[in-house]
file coords_38.cif (mmCIF, C-alpha atoms and all ligand atoms)
data_final
loop_
_atom_site.label_atom_id
_atom_site.label_comp_id
_atom_site.auth_asym_id
_atom_site.auth_seq_id
_atom_site.Cartn_x
_atom_site.Cartn_y
_atom_site.Cartn_z
CA MET B 28 -8.20 7.93 23.84
CA ALA B 29 -9.24 4.26 23.62
CA PRO B 30 -10.62 3.16 20.23
CA PRO B 31 -14.37 2.51 20.16
CA ARG B 32 -15.57 -1.05 20.81
CA LEU B 33 -17.79 -2.67 18.21
CA ILE B 34 -20.01 -5.28 19.88
CA THR B 35 -20.97 -7.87 17.29
CA ILE B 36 -22.12 -11.31 16.42
CA PRO B 37 -19.08 -11.86 14.15
CA PHE B 38 -21.00 -13.51 11.30
CA SER B 39 -24.03 -11.17 11.51
CA HIS B 40 -24.61 -9.31 8.25
CA PHE B 41 -25.80 -6.14 10.05
CA CYS B 42 -22.49 -6.24 11.96
CA GLU B 43 -20.57 -6.74 8.71
CA LYS B 44 -22.35 -3.66 7.35
CA ALA B 45 -21.08 -1.56 10.30
CA ARG B 46 -17.61 -3.12 10.26
CA TRP B 47 -17.24 -2.44 6.53
CA ALA B 48 -18.17 1.23 6.99
CA LEU B 49 -15.60 1.65 9.80
CA ASP B 50 -12.89 -0.18 7.82
CA ARG B 51 -13.63 1.84 4.70
CA ALA B 52 -13.36 5.12 6.63
CA ASP B 53 -10.08 3.90 8.16
CA LEU B 54 -11.42 4.35 11.69
CA ALA B 55 -9.83 2.33 14.47
CA TYR B 56 -12.04 0.08 16.61
CA VAL B 57 -11.81 -3.08 18.65
CA GLU B 58 -14.29 -5.82 17.83
CA ASP B 59 -15.99 -7.57 20.74
CA GLY B 60 -17.68 -10.58 19.15
CA HIS B 61 -20.21 -12.91 20.77
CA LEU B 62 -22.39 -15.80 19.71
CA PRO B 63 -26.13 -15.13 19.24
CA LEU B 64 -27.99 -15.13 22.59
CA PHE B 65 -24.65 -14.68 24.42
CA HIS B 66 -24.34 -11.23 22.80
CA ALA B 67 -27.33 -9.72 24.62
CA PRO B 68 -25.75 -8.93 28.03
CA SER B 69 -22.87 -7.02 26.37
CA ALA B 70 -25.26 -5.06 24.16
CA ARG B 71 -27.48 -4.17 27.14
CA ARG B 72 -24.55 -3.27 29.39
CA ALA B 73 -23.30 -0.92 26.68
CA GLY B 74 -26.61 0.90 26.74
CA GLY B 75 -28.20 -0.78 23.73
CA ARG B 76 -31.25 -3.00 23.40
CA THR B 77 -30.38 -6.60 22.65
CA SER B 78 -29.50 -6.15 19.02
CA VAL B 79 -26.02 -5.70 17.60
CA PRO B 80 -23.99 -3.98 16.21
CA VAL B 81 -23.43 -1.49 19.01
CA LEU B 82 -20.47 0.87 18.78
CA VAL B 83 -19.32 1.94 22.23
CA THR B 84 -17.66 5.35 21.99
CA ASP B 85 -16.37 7.84 24.55
CA ALA B 86 -19.44 9.95 23.78
CA GLY B 87 -21.87 7.05 24.37
CA PRO B 88 -23.22 4.06 22.43
CA VAL B 89 -24.18 4.17 18.75
CA ILE B 90 -26.88 1.57 18.60
CA ASP B 91 -27.96 0.83 15.03
CA SER B 92 -25.95 -0.10 11.91
CA THR B 93 -27.34 2.89 9.99
CA ASP B 94 -26.24 5.25 12.76
CA ILE B 95 -22.79 3.62 12.74
CA LEU B 96 -22.54 4.35 8.98
CA ARG B 97 -23.44 7.97 9.69
CA TRP B 98 -20.98 8.06 12.60
CA ALA B 99 -18.25 6.82 10.22
CA ASP B 100 -19.27 9.39 7.60
CA ALA B 101 -18.88 12.20 10.15
CA ARG B 102 -15.39 11.11 11.25
CA GLY B 103 -13.71 9.08 8.54
CA ALA B 104 -11.49 9.96 5.63
CA ALA B 105 -13.58 8.31 2.87
CA PRO B 106 -16.23 10.05 0.72
CA PRO B 107 -19.53 9.86 2.64
CA LEU B 108 -21.70 6.76 2.29
CA PHE B 109 -24.69 9.10 2.52
CA PRO B 110 -24.00 11.89 -0.01
CA PRO B 111 -25.67 15.04 1.35
CA GLY B 112 -29.16 15.51 -0.08
CA ASP B 113 -29.33 12.13 -1.83
CA ASP B 114 -32.76 10.82 -0.77
CA ASP B 115 -32.49 7.82 -3.09
CA VAL B 116 -29.57 6.44 -1.07
CA VAL B 117 -31.45 7.00 2.20
CA ALA B 118 -34.57 5.24 0.86
CA LEU B 119 -32.68 2.25 -0.57
CA GLU B 120 -30.57 1.76 2.54
CA ASP B 121 -33.73 1.78 4.64
CA ARG B 122 -35.53 -0.63 2.31
CA PHE B 123 -32.63 -3.13 2.42
CA ASP B 124 -32.51 -2.91 6.24
CA ARG B 125 -36.22 -3.63 6.51
CA ASP B 126 -36.99 -5.89 3.57
CA LEU B 127 -33.76 -7.76 2.88
CA GLY B 128 -31.69 -8.19 6.07
CA PRO B 129 -34.26 -10.06 8.20
CA HIS B 130 -35.13 -12.35 5.28
CA THR B 131 -31.63 -13.38 4.13
CA ARG B 132 -30.92 -14.10 7.80
CA ARG B 133 -33.95 -16.36 8.12
CA LEU B 134 -33.09 -18.29 4.93
CA ALA B 135 -29.52 -18.91 6.10
CA TYR B 136 -30.40 -19.89 9.67
CA ASP B 137 -33.02 -22.27 8.33
CA GLN B 138 -30.21 -24.13 6.56
CA LEU B 139 -27.51 -23.77 9.21
CA LEU B 140 -29.30 -24.42 12.51
CA PRO B 141 -29.71 -28.16 11.75
CA VAL B 142 -25.89 -28.36 11.49
CA LEU B 143 -25.24 -26.01 14.40
CA ARG B 144 -22.64 -28.20 16.12
CA ALA B 145 -20.56 -28.52 12.91
CA GLN B 146 -20.83 -24.77 12.28
CA LEU B 147 -19.68 -24.04 15.83
CA ARG B 148 -16.40 -25.74 14.93
CA VAL B 149 -15.67 -23.23 12.15
CA ILE B 150 -16.99 -20.02 13.73
CA ARG B 151 -14.29 -17.46 14.53
CA GLY B 152 -14.24 -14.31 16.62
CA ALA B 153 -16.38 -15.45 19.58
CA PRO B 154 -15.10 -16.37 23.07
CA ARG B 155 -14.21 -20.03 23.47
CA ARG B 156 -16.42 -20.38 26.56
CA GLU B 157 -19.46 -19.30 24.51
CA VAL B 158 -18.65 -21.80 21.75
CA VAL B 159 -18.31 -24.59 24.32
CA ALA B 160 -21.55 -23.58 26.06
CA ALA B 161 -23.41 -23.38 22.74
CA ARG B 162 -22.12 -26.79 21.72
CA LEU B 163 -23.31 -28.32 25.02
CA THR B 164 -26.74 -26.69 24.75
CA ALA B 165 -27.13 -26.91 20.95
CA PRO B 166 -30.72 -28.28 20.92
CA LEU B 167 -31.85 -25.48 23.23
CA VAL B 168 -29.97 -22.77 21.29
CA ARG B 169 -31.50 -24.13 18.07
CA ALA B 170 -35.03 -24.09 19.50
CA ILE B 171 -34.72 -20.56 20.93
CA MET B 172 -33.36 -19.21 17.66
CA ARG B 173 -36.02 -20.95 15.57
CA ARG B 174 -38.70 -19.42 17.75
CA GLY B 175 -37.05 -15.98 17.95
CA LEU B 176 -36.51 -15.71 14.21
CA ARG B 177 -39.85 -17.37 13.40
CA ILE B 178 -38.23 -20.02 11.26
CA THR B 179 -41.24 -21.99 10.07
CA PRO B 180 -41.97 -23.38 6.58
CA ALA B 181 -44.39 -20.49 5.97
CA GLY B 182 -41.90 -17.92 7.31
CA VAL B 183 -39.10 -19.31 5.14
CA ALA B 184 -41.33 -19.29 2.02
CA ARG B 185 -42.29 -15.68 2.74
CA SER B 186 -38.63 -14.70 3.23
CA ARG B 187 -37.66 -16.35 -0.05
CA ASP B 188 -40.32 -14.26 -1.84
CA ARG B 189 -39.09 -11.07 -0.18
CA VAL B 190 -35.44 -11.76 -1.07
CA ASP B 191 -36.44 -12.62 -4.66
CA GLU B 192 -38.40 -9.37 -4.86
CA VAL B 193 -35.54 -7.18 -3.60
CA PHE B 194 -32.97 -9.00 -5.78
CA ALA B 195 -35.24 -8.52 -8.84
CA GLU B 196 -35.63 -4.83 -8.03
CA VAL B 197 -31.86 -4.38 -7.73
CA GLY B 198 -31.37 -6.36 -10.96
CA ASP B 199 -33.79 -4.03 -12.76
CA ARG B 200 -31.93 -0.99 -11.49
CA LEU B 201 -28.62 -2.41 -12.75
CA ALA B 202 -30.05 -3.39 -16.16
CA ASP B 203 -28.95 -0.09 -17.73
CA GLY B 204 -25.32 -1.09 -17.14
CA ARG B 205 -24.61 1.22 -14.22
CA THR B 206 -21.75 0.36 -11.86
CA TRP B 207 -23.36 1.54 -8.60
CA LEU B 208 -26.97 1.65 -7.44
CA CYS B 209 -26.99 5.45 -7.04
CA GLY B 210 -24.63 7.89 -8.73
CA ASP B 211 -21.08 7.16 -9.81
CA ARG B 212 -19.49 5.73 -6.68
CA LEU B 213 -20.12 3.38 -3.77
CA THR B 214 -22.76 4.65 -1.33
CA ALA B 215 -24.66 3.29 1.65
CA ALA B 216 -27.10 1.70 -0.83
CA ASP B 217 -24.44 -0.55 -2.39
CA LEU B 218 -22.67 -1.34 0.88
CA THR B 219 -25.94 -2.18 2.65
CA PHE B 220 -27.29 -4.33 -0.16
CA ALA B 221 -24.00 -6.24 -0.48
CA ALA B 222 -23.54 -6.77 3.28
CA LEU B 223 -27.15 -7.83 3.89
CA ALA B 224 -26.97 -10.25 0.94
CA VAL B 225 -23.94 -12.04 2.44
CA PRO B 226 -26.00 -14.85 4.06
CA VAL B 227 -27.32 -15.98 0.65
CA VAL B 228 -24.48 -14.95 -1.71
CA MET B 229 -21.45 -15.58 0.52
CA PRO B 230 -18.80 -13.53 -1.32
CA PRO B 231 -15.35 -14.98 -0.54
CA GLU B 232 -14.13 -11.62 0.84
CA ALA B 233 -16.69 -11.93 3.67
CA GLY B 234 -15.25 -15.31 4.64
CA ALA B 235 -13.06 -14.02 7.45
CA HIS B 236 -16.17 -13.51 9.58
CA THR B 237 -18.81 -15.68 7.92
CA PRO B 238 -17.86 -19.35 8.07
CA MET B 239 -18.12 -20.86 4.61
CA THR B 240 -16.90 -24.38 5.16
CA ASP B 241 -18.93 -27.52 5.89
CA LEU B 242 -22.00 -25.88 4.37
CA PRO B 243 -24.98 -28.21 3.92
CA ASP B 244 -26.31 -28.88 0.40
CA GLY B 245 -29.36 -26.69 0.98
CA MET B 246 -27.12 -23.73 1.82
CA LEU B 247 -24.97 -24.32 -1.28
CA ALA B 248 -28.13 -24.47 -3.41
CA LEU B 249 -29.32 -21.18 -1.93
CA MET B 250 -25.96 -19.60 -2.66
CA ASP B 251 -25.93 -20.90 -6.28
CA ARG B 252 -29.46 -19.63 -6.81
CA TYR B 253 -28.74 -16.07 -5.70
CA ARG B 254 -25.21 -15.88 -7.16
CA ALA B 255 -26.75 -16.64 -10.56
CA THR B 256 -28.87 -13.47 -10.52
CA PRO B 257 -27.67 -10.04 -11.74
CA ALA B 258 -28.05 -8.71 -8.18
CA GLY B 259 -26.00 -11.65 -6.84
CA GLN B 260 -23.29 -10.95 -9.42
CA PHE B 261 -23.36 -7.32 -8.29
CA VAL B 262 -22.77 -8.39 -4.66
CA LEU B 263 -19.76 -10.49 -5.72
CA ARG B 264 -18.38 -7.55 -7.73
CA VAL B 265 -18.91 -4.98 -4.97
CA TYR B 266 -17.14 -7.23 -2.46
CA ALA B 267 -14.30 -8.00 -4.88
CA THR B 268 -13.70 -4.33 -5.72
CA ALA B 269 -14.76 -2.34 -2.65
CA ARG B 270 -14.15 -4.52 0.42
CA ASP B 271 -10.46 -4.29 1.23
CA PRO B 272 -9.42 -7.88 2.04
CA SER B 273 -6.56 -6.68 4.25
CA ARG B 274 -9.20 -5.34 6.66
CA ALA B 275 -11.21 -8.55 6.68
CA VAL B 276 -9.16 -9.99 9.52
CA PRO B 277 -11.20 -11.92 12.05
CA PRO B 278 -11.22 -10.50 15.58
CA GLY B 279 -9.44 -12.14 18.50
N1 LIG G 301 -31.80 -2.39 12.77
C1 LIG G 301 -30.70 -3.06 13.38
C2 LIG G 301 -30.84 -4.56 13.14
C3 LIG G 301 -29.70 -5.34 13.73
C4 LIG G 301 -30.03 -6.81 13.90
O1 LIG G 301 -31.07 -7.31 13.47
N2 LIG G 301 -29.11 -7.51 14.55
C5 LIG G 301 -29.27 -8.92 14.83
C6 LIG G 301 -28.07 -9.69 14.36
S1 LIG G 301 -28.09 -9.86 12.60
C7 LIG G 301 -29.38 -9.15 16.31
O2 LIG G 301 -28.67 -8.54 17.07
N3 LIG G 301 -30.29 -10.01 16.72
C8 LIG G 301 -30.41 -10.42 18.08
C9 LIG G 301 -31.35 -9.59 18.90
O3 LIG G 301 -31.99 -8.66 18.36
O4 LIG G 301 -31.43 -9.90 20.08
C10 LIG G 301 -29.40 -2.50 12.81
O5 LIG G 301 -29.40 -2.07 11.65
O6 LIG G 301 -28.40 -2.46 13.53
#

call {"tool": "encode", "arguments": {"input": "coords_38.cif", "output": "structure tokens"}}
result
Amino acid sequence: MAPPRLITIPFSHFCEKARWALDRADLAYVEDGHLPLFHAPSARRAGGRTSVPVLVTDAGPVIDSTDILRWADARGAAPPLFPPGDDDVVALEDRFDRDLGPHTRRLAYDQLLPVLRAQLRVIRGAPRREVVAARLTAPLVRAIMRRGLRITPAGVARSRDRVDEVFAEVGDRLADGRTWLCGDRLTAADLTFAALAVPVVMPPEAGAHTPMTDLPDGMLALMDRYRATPAGQFVLRVYATARDPSRAVPPG
């Protein structure tokens, strides 16, 4: 039986969330990475909408990162990311998906789109032809992404507030000295928070898929700002202790 295919944008934090769950459960898969915009035909062909990750399995596509975590829970060897009956984990995972992921993404793209051509030189895991095409059409790609992600000064300010709010909430939860957000081991709440915080915290262990060189000053300032918070420190710790670096090999 062929291993499932994980369609991704390699540096997408929602894709990192899914990839981490599959790696952690020791489930085999083949990653099929694409650049943003170029990813859509593959996602659609696989039976998804346009968003990734999509896990293409023999039994059909698994279309959302949360469903991929549950798919991994049902098949993998690791203790489940969603402990049965733990509503707190379900609620936190959902909150981070809705109120953190879209906003860390907007803050990072706001900083990185102006240096798109330089970033295209360090991106790994996407087909060469897509990188060349994106480099040739960089102004158009930049404009489409700014419009699609609503990257405006007001949108960026709103996203900063939302990220601050979620980071403060997580910091409050950790203030009693606990190791994990819920219970006494890693769950979907920790994994989702850490993965969706990657665009603003940039833990080194995520560097195989998220390019971290040639970052503009604004991006470094963003990273310093969030790394300095208790929630940012938590992200660095979760990555250092729970993300096996031997699995963080870039695709292709
Ligand atoms: N709820 C989805 C969100 C995934 C998502 O937002 N993916 C982004 C990449 S970070 C994407 O594919 N955006 C392009 C698009 O929607 O066309 C999930 O958890 O899988």

call {"tool": "residues_near_ligand", "arguments": {"input": "coords_38.cif", "ligand": "ligand LIG 301 (chain G)", "cutoff": "6 Å", "atoms": "all atoms listed in the file", "output": "list of chain:residue names"}}
result
B:Ser39, B:His40, B:Phe41, B:Thr77, B:Ser78, B:Val79, B:Pro80, B:Asp91, B:Ser92, B:Thr93

call {"tool": "residues_around", "arguments": {"input": "coords_38.cif", "residues": "Val197 (chain B)", "least_positions_apart": "5", "cutoff": "10 Å", "atoms": "only C-alpha atoms", "output": "list of chain:residue names"}}
result
B:Leu119, B:Asp191, B:Glu192, B:Ala202, B:Leu208, B:Asp217, B:Phe220, B:Thr256, B:Pro257, B:Ala258, B:Gly259, B:Phe261

call {"tool": "residues_around", "arguments": {"input": "coords_38.cif", "residues": "Pro226 (chain B)", "least_positions_apart": "6", "cutoff": "8 Å", "atoms": "all atoms listed in the file", "output": "ChimeraX atom specification"}}
result
/B:40,131-132,134-135

call {"tool": "atom_distance", "arguments": {"input": "coords_38.cif", "atom1": "CA of Cys209 (chain B)", "atom2": "CA of Ala233 (chain B)"}}
result
22.9 Å

call {"tool": "closest_residue", "arguments": {"input": "coords_38.cif", "among": "B:Val183, B:Ile34, B:Val262, B:Leu49", "to": "Arg76 (chain B)", "atoms": "only C-alpha atoms"}}
result
B:Ile34

call {"tool": "atom_distance", "arguments": {"input": "coords_38.cif", "atom1": "CA of Arg144 (chain B)", "atom2": "CA of Met246 (chain B)"}}
result
15.6 Å

call {"tool": "atom_distance", "arguments": {"input": "coords_38.cif", "atom1": "CA of Ile150 (chain B)", "atom2": "CA of Met172 (chain B)"}}
result
16.9 Å

call {"tool": "build_atoms", "arguments": {"input": "coords_38.cif", "residues": "region 135-154 of chain B", "atoms": "N, CA and C atoms", "output": "mmCIF file, in the coordinates of the input"}}
result
data_model
loop_
_atom_site.group_PDB
_atom_site.id
_atom_site.type_symbol
_atom_site.label_atom_id
_atom_site.label_comp_id
_atom_site.auth_asym_id
_atom_site.auth_seq_id
_atom_site.Cartn_x
_atom_site.Cartn_y
_atom_site.Cartn_z
ATOM 1 N N ALA B 135 -30.797 -18.262 5.747
ATOM 2 C CA ALA B 135 -29.520 -18.910 6.100
ATOM 3 C C ALA B 135 -29.631 -19.711 7.386
ATOM 4 N N TYR B 136 -30.266 -19.140 8.415
ATOM 5 C CA TYR B 136 -30.400 -19.890 9.670
ATOM 6 C C TYR B 136 -31.236 -21.148 9.475
ATOM 7 N N ASP B 137 -32.214 -21.081 8.601
ATOM 8 C CA ASP B 137 -33.020 -22.270 8.330
ATOM 9 C C ASP B 137 -32.129 -23.430 7.858
ATOM 10 N N GLN B 138 -31.112 -23.091 7.072
ATOM 11 C CA GLN B 138 -30.210 -24.130 6.560
ATOM 12 C C GLN B 138 -29.142 -24.510 7.577
ATOM 13 N N LEU B 139 -28.703 -23.537 8.382
ATOM 14 C CA LEU B 139 -27.510 -23.770 9.210
ATOM 15 C C LEU B 139 -27.814 -24.290 10.613
ATOM 16 N N LEU B 140 -29.003 -23.954 11.145
ATOM 17 C CA LEU B 140 -29.300 -24.420 12.510
ATOM 18 C C LEU B 140 -29.294 -25.950 12.632
ATOM 19 N N PRO B 141 -29.768 -26.685 11.622
ATOM 20 C CA PRO B 141 -29.710 -28.160 11.750
ATOM 21 C C PRO B 141 -28.277 -28.676 11.867
ATOM 22 N N VAL B 142 -27.287 -27.908 11.380
ATOM 23 C CA VAL B 142 -25.890 -28.360 11.490
ATOM 24 C C VAL B 142 -25.110 -27.439 12.447
ATOM 25 N N LEU B 143 -25.822 -26.986 13.472
ATOM 26 C CA LEU B 143 -25.240 -26.010 14.400
ATOM 27 C C LEU B 143 -23.921 -26.468 14.996
ATOM 28 N N ARG B 144 -23.879 -27.743 15.449
ATOM 29 C CA ARG B 144 -22.640 -28.200 16.120
ATOM 30 C C ARG B 144 -21.451 -28.148 15.151
ATOM 31 N N ALA B 145 -21.657 -28.555 13.894
ATOM 32 C CA ALA B 145 -20.560 -28.520 12.910
ATOM 33 C C ALA B 145 -20.162 -27.073 12.639
ATOM 34 N N GLN B 146 -21.139 -26.177 12.554
ATOM 35 C CA GLN B 146 -20.830 -24.770 12.280
ATOM 36 C C GLN B 146 -20.065 -24.148 13.451
ATOM 37 N N LEU B 147 -20.377 -24.592 14.666
ATOM 38 C CA LEU B 147 -19.680 -24.040 15.830
ATOM 39 C C LEU B 147 -18.182 -24.349 15.791
ATOM 40 N N ARG B 148 -17.837 -25.407 15.050
ATOM 41 C CA ARG B 148 -16.400 -25.740 14.930
ATOM 42 C C ARG B 148 -15.662 -24.756 14.033
ATOM 43 N N VAL B 149 -16.385 -24.103 13.103
ATOM 44 C CA VAL B 149 -15.670 -23.230 12.150
ATOM 45 C C VAL B 149 -15.898 -21.731 12.417
ATOM 46 N N ILE B 150 -16.738 -21.433 13.397
ATOM 47 C CA ILE B 150 -16.990 -20.020 13.730
ATOM 48 C C ILE B 150 -15.754 -19.399 14.363
ATOM 49 N N ARG B 151 -15.426 -18.169 13.937
ATOM 50 C CA ARG B 151 -14.290 -17.460 14.530
ATOM 51 C C ARG B 151 -14.755 -16.143 15.139
ATOM 52 N N GLY B 152 -13.976 -15.648 16.109
ATOM 53 C CA GLY B 152 -14.240 -14.310 16.620
ATOM 54 C C GLY B 152 -15.187 -14.265 17.804
ATOM 55 N N ALA B 153 -15.531 -15.433 18.370
ATOM 56 C CA ALA B 153 -16.380 -15.450 19.580
ATOM 57 C C ALA B 153 -15.603 -16.142 20.691
ATOM 58 N N PRO B 154 -15.858 -15.752 21.960
ATOM 59 C CA PRO B 154 -15.100 -16.370 23.070
ATOM 60 C C PRO B 154 -15.294 -17.881 23.115
#
